[in-house]
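Asks: Quick one: this structure, given as structure tokens, is what I'll be asking you about.
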Amino acid sequence: MEKVLGFMKKEAVLCAALLLALLSSCIVPPDRGYGEYIDVRTLAILFCLMCVMAGLQKIGVFEWIARGLLGKVKSARSLVLVLMLLSFFSSMLITNDVALITFVPFTFTVLAMTGGKTGQRLALPLVAMQTIAANLGSMLTPIGNPQNLYLYGRAGMSLGSFLGLMLPYAAVSLLLLLAWGVFLGGSCADGGKPPAEEFQGWEAGHLREKTNMSSIWIYLALFLLCLLTVAHVLPWQAVLGIVLAAVLLTDRKLLAKVDYPLLLTFVGFFVFIGNVGRIPAFRDFLQNAVAGREVVAGVAASQVISNVPAALLLSGFTEDYGRLLVGVNLGGLGTLIASMASLISYKYVAKEESAGKGAYLAVFTVSNLCFLAALVAFDGLWKHFFLQ
């Protein structure tokens with residue numbers, strides 16, 4: 001019983017999705033229409049990306065890149081900016097989850113090398129900013145986070161249209177992050193030694209000594225295939241088969257790294273949304289509530305159920321996927337559960353700075369609310385002057 005309760009607590013969103021699917025199936029009994037609910041293409045691409053990212057992360061490619069950049073760091077301000085921008089830009093390609101799984105523990109290691117009080121002062125606010133950076137950077141590309149991949153496919157928009165839609169928000173986010181990073185680095189500096197000397201000499205040869213370079217090229221090639229699939233250049237069925245075969249031949253343990261609860265969460269919400277769409281009264285009510293208020297609805301729903309479920313739920317009741325895309329991405333800011341990726345950082349803080357969990361939550365929440373308010377205000381201005 002304890003294991004069941006533990007699982008329900010750990011996978012609360014998955015359990016909620018499956019419960020909603022089950023309850024809705026009592027109203028709309030299973031039939032052939034259920035087969036049309038599931039977006040198999042999105043699930044297949046997510047699975048492939050998870051496998052590829054797990055392979056690259058296991059090899060140490062991302063950490064190798066980070067160490068190379070940190071070899072040039074000379075001050076607390078540049079240290080903050082490098083670690084924060086690593087999360088921002090990498091999340092565009094490797095997803096916000098992978099960026100945080102890779103760089104948050106790496107950040108604690110780097111800060112421990114700095115000596116003095118700099119590391120202690122920077123730890124909590126820097127991790128909070130890395131989390132914000134990963135969530136905001138990931139909104140620029142279709143593969144940056146699960147809700148983008150889903151809505152990109154559902155809307156049927158071109159890659160250029162997607163980038164054009166999200167670029168203004170990503171650009172403003174970058175400016176806000178740079179300003180915050182400069183302030184944070186300057187306020188926390190105490191003359192501790194920069195970590196550059198710790199990383200000097202970390203060249204590509206070191207990576208080659210630790211792993212087979214052919215594995216890197218294999219996973220990079222698989223990543224390229226995934227990108228071509230997202231862009232509708234290659235059929236997802238073929239790429240799924242290639243990725244599965246490659247993983248089974250090179251390192252089948254990577255299959256255990258796939259986030260299956262997230263994939264099942266998608267399935268649960270697909271069934272729920274499909275069933276609700278066949279209940280006229282409920283469907284009309286939600287359509288009236290969401291239509292024309294996609295950004296507000298996306299932000300508000302994300303604070304309670306997180307932005308991936310919010311995107312899945314609300315997408316069934318609006319045709320303006322662009323505004324919903326903005327809403328659920330901005331909605332990743334705010335509460336700790338607004339983006340499930342934020343929980344990754346919190347878990348590392350609880351492990352490394354257990355006494356500072358309360359302080360981290362305070363810093364995280366205040367920082368997120370500031371960024372959310374600024375970006376929602378920007379969205380209002382952008383809509384008023386450019387989208388009318």
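Identifiers in this document derive from the order of the structure tokens: chains are assigned A, B, ..., residues are numbered from 1 separately in each chain, and ligands are numbered from 1 in order of occurrence.
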Set the distance at 12 Å and use only C-alpha atoms: which residues neighbour Leu333 in chain A once local chain neighbours fewer than 6 positions away are removed? I'd like the list as an MDAnalysis selection string.
Replies: chainID A and resid 128:129 131:136 139 173 298:304 306:307 326:327 339:342 364:376
Asks: Name all residues at most 12 Å from Arg252 in chain A (count only C-alpha atoms; drop same-chain ones fewer than 3 positions away) and give them as a ChimeraX atom specification.
Replies: /A:51-52,54-55,243-249,255-258
Asks: Which is closer to Thr265 in chain A than all the others in A:Phe385, A:Val290, A:Ala310, A:Gly322, using only C-alpha atoms?
Replies: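 Result for the nearest residue to Thr265 in chain A: A:Ala310.
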Asks: Using only C-alpha atoms, pick whichever of A:Pro29, A:Pro105, A:Gly156, A:Gly241 has the shortest atom-to-atom distance to Lys347 in chain A.
Replies: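 Of the candidates, the smallest distance to Lys347 in chain A is held by A:Pro105.
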Asks: Have a look at A:Lys351, A:Lys383, A:Arg323, A:Arg293 and name the one nearest to Phe162 in chain A; count only C-alpha atoms.
Replies: A:Arg323
Asks: Identify which of the residues A:Ala17, A:Leu178, A:Cys48, A:Leu5 lies closest to Ser78 in chain A, counting only C-alpha atoms when measuring atom-to-atom distances.
Replies: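 Comparing A:Ala17, A:Leu178, A:Cys48, A:Leu5 against Ser78 in chain A, the winner is A:Leu178.
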Asks: Which neighbours of Gly316 in chain A fall inside 9 Å, counting only C-alpha atoms, when residues of the same chain fewer than 2 positions from it are skipped, and could you give them as a list in words?
Replies: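 Result of the neighbour search: Ile273, Gly274, Val276, Gly277, Arg283, Leu286, Gln287, Ala311, Leu312, Leu313, Leu314, Thr318 and Glu319 of chain A.
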Asks: Please identify all polymer residues within 12 Å of Arg41 in chain A, counting only C-alpha atoms, omitting same-chain residues fewer than 5 positions from it, and present them as a PDB file with C-alpha atoms, in the first residue's frame.
Replies:
ATOM      1  CA  GLU A  36      -8.444   8.663 -33.346  1.00  0.00           C
ATOM      2  CA  LEU A  46       9.026  12.236 -27.839  1.00  0.00           C
ATOM      3  CA  PHE A  47      10.193   8.670 -27.280  1.00  0.00           C
ATOM      4  CA  CYS A  48      12.948   9.012 -29.883  1.00  0.00           C
ATOM      5  CA  LEU A 149       6.066  19.465 -29.882  1.00  0.00           C
ATOM      6  CA  TYR A 150       2.411  18.578 -29.367  1.00  0.00           C
ATOM      7  CA  TYR A 152       3.332  22.345 -33.248  1.00  0.00           C
ATOM      8  CA  GLY A 153       2.042  19.104 -34.686  1.00  0.00           C
ATOM      9  CA  ARG A 154      -1.605  19.783 -33.852  1.00  0.00           C
ATOM     10  CA  CYS A 226      14.533  13.365 -35.092  1.00  0.00           C
ATOM     11  CA  THR A 229      10.920  14.112 -38.463  1.00  0.00           C
ATOM     12  CA  VAL A 230       9.693  17.107 -36.467  1.00  0.00           C
ATOM     13  CA  HIS A 232       7.863  16.598 -41.516  1.00  0.00           C
ATOM     14  CA  LEU A 234      10.991  12.066 -42.717  1.00  0.00           C
ATOM     15  CA  PRO A 235       8.175   9.687 -41.692  1.00  0.00           C
ATOM     16  CA  TRP A 236       8.032   9.114 -37.961  1.00  0.00           C
ATOM     17  CA  GLN A 237       7.539   5.384 -38.375  1.00  0.00           C
ATOM     18  CA  ALA A 238      10.901   4.971 -40.130  1.00  0.00           C
ATOM     19  CA  VAL A 239      12.775   7.110 -37.625  1.00  0.00           C
ATOM     20  CA  LEU A 240      11.199   5.285 -34.690  1.00  0.00           C
ATOM     21  CA  LEU A 263       4.126   9.381 -22.351  1.00  0.00           C
ATOM     22  CA  PHE A 266      -0.181  12.212 -22.795  1.00  0.00           C
TER      23      PHE A 266
END
Asks: Go ahead and compute the interatomic distance for CA of Leu93 in chain A and CA of Gly268 in chain A, in Å to one decimal.
Replies: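 Going from CA of Leu93 in chain A over to CA of Gly268 in chain A covers 26.4 Å.
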Asks: I need the residues of range 277-335 of chain A that end up classed as helix (DSSP H, G or I) by DSSP on the backbone, written out as number ranges by chain.
Replies: A: 280-290, 294-305, 307-317, 321-330
Asks: Once you have the residues from the selection above, write them out as a compact mmCIF listing (two decimals), in the first residue's frame, restricted to C-alpha atoms.
Replies:
# COMPACT_ATOMS: atom_id res chain seq x y z
CA PRO A 280 -21.79 18.72 -26.22
CA ALA A 281 -22.57 20.58 -22.99
CA PHE A 282 -19.10 20.23 -21.51
CA ARG A 283 -17.40 20.92 -24.84
CA ASP A 284 -19.40 24.12 -25.43
CA PHE A 285 -18.72 25.35 -21.90
CA LEU A 286 -14.95 24.93 -22.22
CA GLN A 287 -14.85 26.40 -25.71
CA ASN A 288 -16.64 29.52 -24.48
CA ALA A 289 -14.31 29.77 -21.50
CA VAL A 290 -11.08 29.39 -23.50
CA GLU A 294 -5.98 31.38 -24.60
CA VAL A 295 -3.01 33.12 -22.96
CA VAL A 296 -4.80 33.79 -19.68
CA ALA A 297 -6.26 30.28 -19.65
CA GLY A 298 -2.87 28.73 -20.44
CA VAL A 299 -1.08 30.68 -17.72
CA ALA A 300 -3.78 30.04 -15.11
CA ALA A 301 -4.18 26.32 -15.83
CA SER A 302 -0.41 25.80 -15.82
CA GLN A 303 -0.11 27.12 -12.27
CA VAL A 304 -2.33 24.29 -11.04
CA ILE A 305 -1.75 21.29 -13.32
CA ASN A 307 1.93 23.50 -18.60
CA VAL A 308 2.12 20.16 -20.44
CA PRO A 309 -1.27 18.91 -19.17
CA ALA A 310 -2.66 22.44 -19.63
CA ALA A 311 -1.64 22.39 -23.30
CA LEU A 312 -3.17 18.96 -23.82
CA LEU A 313 -6.40 19.89 -22.02
CA LEU A 314 -7.01 23.32 -23.52
CA SER A 315 -6.01 22.40 -27.08
CA GLY A 316 -9.27 20.54 -27.51
CA PHE A 317 -11.32 23.70 -27.02
CA TYR A 321 -3.06 27.31 -31.13
CA GLY A 322 -0.57 30.16 -31.47
CA ARG A 323 -1.99 32.09 -28.52
CA LEU A 324 -2.34 28.90 -26.52
CA LEU A 325 1.31 28.12 -27.27
CA VAL A 326 2.29 31.49 -25.81
CA GLY A 327 0.04 30.95 -22.80
CA VAL A 328 1.34 27.55 -21.75
CA ASN A 329 4.97 28.58 -22.29
CA LEU A 330 4.64 31.71 -20.20
Asks: From the set A:Leu177, A:Ile94, A:Val267, A:Leu49, which residue has the shortest atom-to-atom contact distance to Leu18 in chain A, counting only C-alpha atoms?
Replies: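 Going through A:Leu177, A:Ile94, A:Val267, A:Leu49 one by one, the smallest distance to Leu18 in chain A is for A:Val267.
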Asks: What gap, in Å, lies between CA of Leu228 in chain A and CA of Gln57 in chain A?
Replies: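 Interatomic distance here is 21.0 Å.
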